[in-house]
Amino acid sequence: MRTSIATVSISGEFPDKMAAIAKAGFSGVEIFENDFLTYDASPREVAQMARDFGLEITLFQPFRDFEGMPEPHRARAFERAQRKFDIMGELGTDLMLICSNVSPISLGGIDRAAADFHELGDLAAKHGVRVGYEALAWGRHINDHRDAWEIVRRADHRNVGLILDSFHTLSRKIDVNSIRSIPGDKIFIVQLADAPLIDMDLLYWSRHFRNMPGEGDLPVVDFMRAVAATGYDGPLSLEIFNDQFRGGSARALAEDGHRSLVYVMDQVRRLEPDIRIDVPPMPDRIQATGVSFVEFTTAEAEKDNLVTLLKSLGFRKTARHRNRNVDLYTQADIRIVVNSDDSGDSFAGSSYFVHGTNAYAYGMKVENAQDALARAAALDAPVFSEPRRAGETSVPAIQGVGNGVIYFLDDTPALASIWDTEFTPVDDPGEGDAGLKRIDHLAQTTHYDEMLTWLLFYTSIFETRRTPMVDVVDPGGLVRSQAIESLSANGFRLTMNGADSRKTFAGKFLAEGFGSSIQHIAFTTDDIFATAGALAALDFHALPISRNYYDDLEARFGLEPSFSDALREASILYDRDDNGEYFQIYSRTFGEGFFFEIVERRGAYNGYGAMNAPFRIAAQRRLLRPEGMPKR
Ligand SMILES: O=C(O)c1ccc(O)c(O)c1
Ligand SMILES: [Mg+2]
């Protein structure tokens, strides 16, 4: 598979862009003319730079307002083209993109445009180059790839072909199956971009909101299925105009881009088994069935706070690692590993050193851990391993958000028995159970501009879907929240919270913990009131919630006062929708803003209580104030 990306899609100066593009594994690059014009180097130097990075220049673009012009503009357009063809010779690329004319003085007319292209084809042939015609969704006369194809067909020149761009076709909801009847060898290059569904002007949407395939809402896979059916086997090139990306990390953007192309083609191959698709074979998206454990790294001197909190949640120390200063706390199907191993050769130790106490790793339950590793690796996820000591199992693992570790656990004997082979049981009666049953979800906090990266990471590797993004208002700014969840109930659930401002509660966590990581873990109970009672006996201190919240809740849902009193007394938050009910209790925070949540889902409630989040945040912020509560 030849992969390419336009220089506009990546932040930075020309050499930074090229370096990031090459490193992420692309075979080619589209030179966006403005990036070239504003960079102070000759075309030959740029050609050399691309060669040095091992990149083919797949396309030079865009050339604007060419076809259907009245004289003298028409003659000038040909002169301009000739100049660009000369530059292309020096750049060492043979393909130029001509986007459909937007000029108000352009005349229109399919045959006029075809005649212009035929003549341009002759000029291109003299220069040993080819031109491809792309219908901009907002083109003056041509805004549909079917019309662009008709012009190319009538131009009937071997140096003139069609360029397809998923955004222009999909933004106008043009039937992608119309692509299937175009000969593959007349499609000179295919550009791919996705975008979130936003109802706005097409040009503005295209220039500011495009994103990588799989990050948005457009059916890019259907588009590519149709392209694949034509027999097209040229480069797949990303062309992403995005305001946020312009200021993002070149390396991360290039990596996301490469992952998105591999992911698209993997899906196309599964949906079109009879078409040869050149993408490395890999297992299908991995079904995650839950979280088997979460591991905290901490230090001996610091672990008491965490352990006290765990005990107040009804956890009991049930085992200790045979070789290391690592304890296992359990309750029903929940395992919390507390790692204060400071022997110096462990990743846990270095994570503690950088971030302090944090939930740096978790174990994901999958059917086949090796398959999970293979798929993640094929999608460019960093494979994680560290030195093992005698008697320790190597668990397949990758690194994800904030370099945190995701271990894959399945039922093969070595992995299923790890808690027995690596740990020795401890006889600690504990102080009582709180009725917590399993991990409902993990919540990862990231910088807002990393959210798309991690959404793509999770949805491309695992069989998950993302829920719509919700805005959570924190008095210090907006936090955007989106969940990633398995398609089956009781599978894997994770929420991502993206913070822009360090004045938000989530933003403070990022700033003080030095980066993205798990900020909270939610456990399930089957009986929230019984759990609240048990927690009180364990000296657990729930996050206190304001009285105003309960007054509003009662009014909003028409609750019985006795019911809302019971919620208030136990500091339980409540939500309800057509599917069922949701109850939440939060712990107070520890460390740099980490906390636990306990939830009960009744009926088929499938959300995360988003409307309660501002109340939770306000309560957490109140506790952050040194005096606790404002003076009256
Ligand atoms: O927004 C534009 O002008 C523009 C230019 C070139 C392209 O290939 C494209 O898809 C859009
Ligand atoms: Mg384009």
# chains A, B, ... in the order shown; residues from 1 in each chain; ligands from 1
$ select_by_dssp --residues "range 274-395 of chain A" --states "strand (DSSP E)" --output "MDAnalysis selection string"
chainID A and resid 288:297 316:321 326:331 334:339 358:366 383:384
$ residues_near_ligand --ligand "ligand 1" --cutoff "9 Å" --atoms "only C-alpha atoms and all ligand atoms" --output "list of chain:residue names"
A:Phe32, A:Gln61, A:Pro62, A:Phe63, A:Arg64, A:Leu97, A:Ile98, A:Cys99, A:Glu134, A:Ala135, A:Leu136, A:Ala137, A:Ile163, A:Leu164, A:Asp165, A:Ser166, A:Phe167, A:His168, A:Gln191, A:Ala193, A:Leu203, A:Tyr204, A:Ser206, A:Arg207, A:Glu239, A:Ile240, A:Phe241
$ residues_around --residues "Glu367 in chain A" --least-positions-apart "5" --cutoff "10 Å" --atoms "only C-alpha atoms" --output "PyMOL selection string"
chain A and resi 286-289+372+408-412
$ write_last_selection --atoms "C-alpha atoms" --output "tab-separated table (two decimals), in the first residue's frame"
chain	number	residue	atom	x	y	z
A	286	ILE	CA	-10.24	-7.02	19.22
A	287	GLN	CA	-13.18	-7.59	21.50
A	288	ALA	CA	-12.33	-6.36	24.97
A	289	THR	CA	-14.53	-7.92	27.61
A	372	ALA	CA	-4.57	-8.17	20.46
A	408	PHE	CA	-3.66	-8.10	27.41
A	409	LEU	CA	-4.95	-11.03	29.43
A	410	ASP	CA	-6.71	-14.10	28.07
A	411	ASP	CA	-7.56	-17.60	29.32
A	412	THR	CA	-4.39	-19.32	28.16
$ residues_around --residues "range 84-94 of chain A" --least-positions-apart "2" --cutoff "7 Å" --atoms "only C-alpha atoms" --output "ChimeraX atom specification"
/A:43-44,46-47,57-59,80-82,96,127-130
$ residues_around --residues "Thr393 in chain A" --least-positions-apart "6" --cutoff "10 Å" --atoms "only C-alpha atoms" --output "JSON list (two decimals) with C-alpha atoms, in the first residue's frame"
[["chain", "number", "residue", "atom", "x", "y", "z"],
["A", 414, "ALA", "CA", 0.18, -18.83, 31.62],
["A", 415, "LEU", "CA", -1.88, -15.64, 31.59],
["A", 417, "SER", "CA", -2.80, -18.28, 36.32],
["A", 418, "ILE", "CA", -0.65, -15.20, 36.72],
["A", 421, "THR", "CA", 2.10, -18.06, 39.91],
["A", 422, "GLU", "CA", 3.46, -14.60, 40.62]]
$ atom_distance --atom1 "CA of Asp175 in chain A" --atom2 "CA of Thr453 in chain A"
29.2 Å
$ residues_around --residues "Ile179 in chain A" --least-positions-apart "6" --cutoff "12 Å" --atoms "only C-alpha atoms" --output "number ranges by chain"
A: 144-150, 162-166, 169-170, 186-187, 190, 222-232
$ residues_around --residues "range 307-312 of chain A" --least-positions-apart "2" --cutoff "8 Å" --atoms "only C-alpha atoms" --output "PyMOL selection string"
chain A and resi 303-305+314-316+329+430-431+535+538-540
$ select_by_dssp --residues "range 404-550 of chain A" --states "alpha helix (DSSP H)" --output "count of residues only"
41
$ closest_residue --among "A:Leu452, A:Met469, A:Leu238, A:Val599" --to "ligand 2" --atoms "only C-alpha atoms and all ligand atoms"
A:Leu238
